[in-house]
Number of protein chains: 2
Amino acid sequence: MSTPNINAATLRTSCSNCNLRELCLPLGLSLKEIEQLEELVSTRKRIKRGEALYRAGDKFEALYAIRLGFLKSAVMSSDGREQVTSFHMSGDIVGLDGLAGMVYSSDLIALEDTEVCLLPYQKLLEVNQSTQAMSLHFQRLLSMEIVRQNGVMLLLGSMHAEERLAAFILNLSQRFEQRGYSRSEFVLRMTRAEIGSYLGLKLETVSRVLSRFSHDNLIIVNQKHVQILDFEGLRAIVSGQAYQHGHGARAEGAASGQTIPILNARQDLDALLTDEH
Amino acid sequence: MSTPNINAATLRTSCSNCNLRELCLPLGLSLKEIEQLEELVSTRKRIKRGEALYRAGDKFEALYAIRLGFLKSAVMSSDGREQVTSFHMSGDIVGLDGLAGMVYSSDLIALEDTEVCLLPYQKLLEVNQSTQAMSLHFQRLLSMEIVRQNGVMLLLGSMHAEERLAAFILNLSQRFEQRGYSRSEFVLRMTRAEIGSYLGLKLETVSRVLSRFSHDNLIIVNQKHVQILDFEGLRAIVSGQAYQHGHGARAEGAASGQTIPILNARQDLDALLTDEH
DNA sequence: CGTTTCGTTGAAGAGTGTCAAGGCCAGTGG
DNA sequence: CCACTGGCCTTGACACTCTTCAACGAAACG
């Protein structure tokens, strides 16, 4: 908790005591396997708001488990356009894109002061070798990220601005809840421009849509502070029941007489839009 | 080549003889490791055009290496919108999204008659255990898919229709070339609607943009047949040098006097947009 | 050879982007 | 404490890209 470099004895218990263990530890690991995982985590590192944990092109040397803080991943095109590819919070594992070519292919920037656990590549190799469950767990982790990105592609490829924002807010809400925070009230750690980059929209559009949501009593927005008033209303928007073709007004109240072919609608999308777990 | 079920002796040499080995085999594997890989591949399977290799929700039982054919992956939102998340051709490994939750999260549909090698999950587990290099290889494979998807997100989130189509054509070209086909002339195996779904555009827009490219002598389009005339012109479009804000006309000829801050421009994007390798 | 799917093209309109101006807030230095 | 500064957010007016709707032609399929 205090020194940046911690001795081995301290480490031995770090993961099993870490209050994030349910998020970044594999679910079915035995005690012995958890011990092995803990040997993986060699040191912690702190980075301040605005600093990079790594940048595209840096040599891949470790994965990182986020203990505390908030970050964004972003890729940049040759002509300077930035695309935010995800936002990360405590319990997330980042750096997975580095395995492919042994260099990171994205930038990872802290949006607030952040503390991470290092999982050095060398240790990763060793545990891959010794424990089947661990190598499988990492494969699952990578696969989950692929599934998540499929959801983002669905969002970027086929949703309107209002649907994107509604999905985004619900996703954040869900992730805060998973971490023990309020699901209905939270602070956005990123700017409107970063939200826009993530959702494929301009910052003005983000601002306008949030204002519209606020006007329709779905949420209360005050700068970075967001309070959700009507979850059902937001879910309806995500599943395309309102704003469908830009014609209809919001769904008044909660009832909607329309018959929708698939009923367990939102579950799927929520799952798709969810970061890890 | 003939019977769908092949005996062990035949299998033993299948991978090392397979003309796709450079695509789907790990690069640094020893002979012994290659032998192990070959035990992975138990059977082959054929699916006809229009059929599904798997569907979202199906139990995850295997990865597949494509021997021959062309397929699409797609996810579907609750309200029935389909998003094509990738196109696959020979040498690609598919099914990676199934590892996360032990069920596939996308549909995989053959766009033409296709033949695949099965890599059953059980065998995958065994090889994970016995060979460090193999488990690492699969992790790399997954990571490569994440990197690829980052590129698609960049495309979906920040590019205009013309840029998306140009990038799409160049990507296909590159992948055909890697497989020994012409890079400048090929047949699109997918419909305009599927291209549109992948690129986040409507089929009419795809058709119009292709016609415009054709009119500008960048390509020749004849239904599904495409011939590339001006690679440099397409690359210029991808890196945003033409169509930038919808004002300028196409770049006349090949020269462009504009000074661009980053020079090794297209390489990055090409790499990002590239499927595996 | 009819039927269906797929592709092309046009006209009109909706949804976002662009440009611009002003407000809010935190940090800084007087 | 206050004014100043710069970053971030909001809102409006307008332009433009892309979608929508529609009609028609071409190719694929049984």
# chains A, B, ... in the order shown; residues from 1 in each chain; ligands from 1
$ residues_around --residues "DG27 (chain C)" --least-positions-apart "5" --cutoff "12 Å" --atoms "only C-alpha atoms (C1' of nucleotides)" --output "number ranges by chain"
D: 4-7
$ interface_residues --of "chain D" --to "chain B" --cutoff "12 Å" --atoms "only C-alpha atoms (C1' of nucleotides)" --output "PyMOL selection string"
chain D and resi 15-21+26-27
$ write_last_selection --atoms "N, CA and C atoms (P, O5', C5', C4', C3', O3' and C1' of nucleotides)" --output "JSON list (two decimals), in the first residue's frame"
[["chain", "number", "residue", "atom", "x", "y", "z"],
["D", 15, "DA", "P", -25.59, 26.96, -45.49],
["D", 15, "DA", "O5'", -24.62, 25.70, -45.56],
["D", 15, "DA", "C5'", -23.35, 25.75, -44.91],
["D", 15, "DA", "C4'", -22.66, 24.40, -45.04],
["D", 15, "DA", "C3'", -22.88, 23.71, -46.38],
["D", 15, "DA", "O3'", -21.67, 23.10, -46.78],
["D", 15, "DA", "C1'", -23.74, 22.36, -44.63],
["D", 16, "DC", "P", -21.56, 22.38, -48.19],
["D", 16, "DC", "O5'", -21.50, 20.85, -47.74],
["D", 16, "DC", "C5'", -20.69, 20.49, -46.63],
["D", 16, "DC", "C4'", -20.96, 19.04, -46.29],
["D", 16, "DC", "C3'", -21.15, 18.16, -47.51],
["D", 16, "DC", "O3'", -20.45, 16.97, -47.26],
["D", 16, "DC", "C1'", -22.98, 17.91, -46.07],
["D", 17, "DT", "P", -19.93, 16.11, -48.52],
["D", 17, "DT", "O5'", -19.90, 14.66, -47.85],
["D", 17, "DT", "C5'", -19.62, 14.54, -46.47],
["D", 17, "DT", "C4'", -20.50, 13.48, -45.83],
["D", 17, "DT", "C3'", -20.63, 12.19, -46.64],
["D", 17, "DT", "O3'", -20.32, 11.13, -45.77],
["D", 17, "DT", "C1'", -22.76, 12.98, -46.01],
["D", 18, "DC", "P", -20.13, 9.65, -46.31],
["D", 18, "DC", "O5'", -21.57, 9.05, -46.02],
["D", 18, "DC", "C5'", -22.00, 9.00, -44.67],
["D", 18, "DC", "C4'", -23.48, 8.68, -44.63],
["D", 18, "DC", "C3'", -23.86, 7.39, -45.35],
["D", 18, "DC", "O3'", -24.36, 6.50, -44.38],
["D", 18, "DC", "C1'", -25.35, 9.19, -45.86],
["D", 19, "DT", "P", -25.06, 5.11, -44.80],
["D", 19, "DT", "O5'", -26.61, 5.43, -44.73],
["D", 19, "DT", "C5'", -27.13, 5.99, -43.54],
["D", 19, "DT", "C4'", -28.59, 6.35, -43.72],
["D", 19, "DT", "C3'", -29.48, 5.17, -44.12],
["D", 19, "DT", "O3'", -30.62, 5.19, -43.27],
["D", 19, "DT", "C1'", -29.77, 6.98, -45.64],
["D", 20, "DT", "P", -31.63, 3.96, -43.28],
["D", 20, "DT", "O5'", -32.85, 4.49, -44.16],
["D", 20, "DT", "C5'", -33.44, 5.74, -43.85],
["D", 20, "DT", "C4'", -34.43, 6.12, -44.94],
["D", 20, "DT", "C3'", -35.28, 4.96, -45.46],
["D", 20, "DT", "O3'", -36.65, 5.35, -45.36],
["D", 20, "DT", "C1'", -34.32, 6.17, -47.26],
["D", 21, "DC", "P", -37.81, 4.29, -45.53],
["D", 21, "DC", "O5'", -38.27, 4.57, -47.03],
["D", 21, "DC", "C5'", -38.60, 5.91, -47.42],
["D", 21, "DC", "C4'", -38.83, 5.97, -48.91],
["D", 21, "DC", "C3'", -39.57, 4.76, -49.49],
["D", 21, "DC", "O3'", -40.61, 5.23, -50.34],
["D", 21, "DC", "C1'", -37.59, 5.20, -50.71],
["D", 26, "DA", "P", -29.77, -4.51, -68.32],
["D", 26, "DA", "O5'", -29.09, -5.43, -67.22],
["D", 26, "DA", "C5'", -28.15, -4.86, -66.30],
["D", 26, "DA", "C4'", -27.54, -5.99, -65.49],
["D", 26, "DA", "C3'", -27.27, -7.26, -66.30],
["D", 26, "DA", "O3'", -25.98, -7.74, -65.95],
["D", 26, "DA", "C1'", -28.73, -7.73, -64.48],
["D", 27, "DA", "P", -25.42, -9.05, -66.66],
["D", 27, "DA", "O5'", -25.58, -10.13, -65.51],
["D", 27, "DA", "C5'", -24.91, -9.89, -64.26],
["D", 27, "DA", "C4'", -25.42, -10.87, -63.23],
["D", 27, "DA", "C3'", -25.16, -12.34, -63.57],
["D", 27, "DA", "O3'", -24.47, -12.92, -62.48],
["D", 27, "DA", "C1'", -27.42, -11.99, -62.92]]
$ residues_around --residues "Met102 (chain B)" --least-positions-apart "3" --cutoff "12 Å" --atoms "only C-alpha atoms (C1' of nucleotides)" --output "list in words"
Leu136, Gln139, Arg140, Ser143, Met144 and Val147 of chain A; Ala56, Gly57, Asp58, Lys59, Phe60, Glu61, Ala62, Leu63, Gly95, Leu96, Asp97, Gly98, Leu99, Ser105 and Tyr121 of chain B
$ interface_residues --of "chain C" --to "chain B" --cutoff "12 Å" --atoms "only C-alpha atoms (C1' of nucleotides)" --output "PyMOL selection string"
chain C and resi 5-10+17-18
$ interface_residues --of "chain A" --to "chain B" --cutoff "8 Å" --atoms "only C-alpha atoms" --output "VMD selection string"
chain A and resid 75 to 79 81 to 83 85 96 to 101 105 125 128 to 132 135 to 136 138 to 147 149 to 154 156 to 158 197 to 201 239 to 240 260 to 266 268 to 269
$ select_by_dssp --residues "region 23-247 of chain B" --states "helix (DSSP H, G or I)" --output "number ranges by chain"
B: 23-24, 31-40, 98-101, 121-130, 132-158, 161-178, 192-199, 203-215, 231-238
$ atom_distance --atom1 "CA of Ile93 (chain A)" --atom2 "CA of Leu119 (chain A)"
9.5 Å
$ residues_around --residues "region 21-23 of chain C" --least-positions-apart "6" --cutoff "10 Å" --atoms "only C-alpha atoms (C1' of nucleotides)" --output "PyMOL selection string"
chain D and resi 9-12
$ write_last_selection --atoms "N, CA and C atoms (P, O5', C5', C4', C3', O3' and C1' of nucleotides)" --output "CSV table (one decimal), in the first residue's frame"
chain,number,residue,atom,x,y,z
D,9,DC,P,-15.9,17.8,-21.1
D,9,DC,O5',-17.1,18.8,-21.2
D,9,DC,C5',-17.7,19.3,-20.0
D,9,DC,C4',-18.8,20.3,-20.4
D,9,DC,C3',-19.9,19.7,-21.4
D,9,DC,O3',-21.1,19.8,-20.7
D,9,DC,C1',-19.1,21.8,-22.1
D,10,DT,P,-22.4,19.3,-21.4
D,10,DT,O5',-23.0,20.6,-22.1
D,10,DT,C5',-23.3,21.7,-21.3
D,10,DT,C4',-23.9,22.8,-22.2
D,10,DT,C3',-25.0,22.4,-23.1
D,10,DT,O3',-26.1,23.2,-22.8
D,10,DT,C1',-23.4,23.7,-24.2
D,11,DT,P,-27.6,22.8,-23.3
D,11,DT,O5',-27.7,23.8,-24.6
D,11,DT,C5',-27.5,25.2,-24.5
D,11,DT,C4',-27.3,25.8,-25.9
D,11,DT,C3',-28.3,25.3,-26.9
D,11,DT,O3',-29.2,26.3,-27.2
D,11,DT,C1',-26.1,25.5,-27.8
D,12,DG,P,-30.3,26.1,-28.3
D,12,DG,O5',-29.7,26.8,-29.6
D,12,DG,C5',-29.3,28.2,-29.5
D,12,DG,C4',-28.8,28.6,-30.9
D,12,DG,C3',-29.6,28.2,-32.1
D,12,DG,O3',-29.8,29.3,-32.9
D,12,DG,C1',-27.4,27.5,-32.4
$ atom_distance --atom1 "CA of Glu163 (chain A)" --atom2 "CA of Ile237 (chain A)"
5.5 Å
$ residues_around --residues "His88 (chain B)" --least-positions-apart "3" --cutoff "12 Å" --atoms "only C-alpha atoms (C1' of nucleotides)" --output "count of residues only"
35
$ atom_distance --atom1 "C1' of DG2 (chain C)" --atom2 "CA of Val221 (chain B)"
28.2 Å
$ select_by_dssp --residues "region 39-193 of chain A" --states "strand (DSSP E)" --output "PyMOL selection string"
chain A and resi 44-47+52-54+62-68+70-76+82-89+93-94+107-110+114-120+185-187
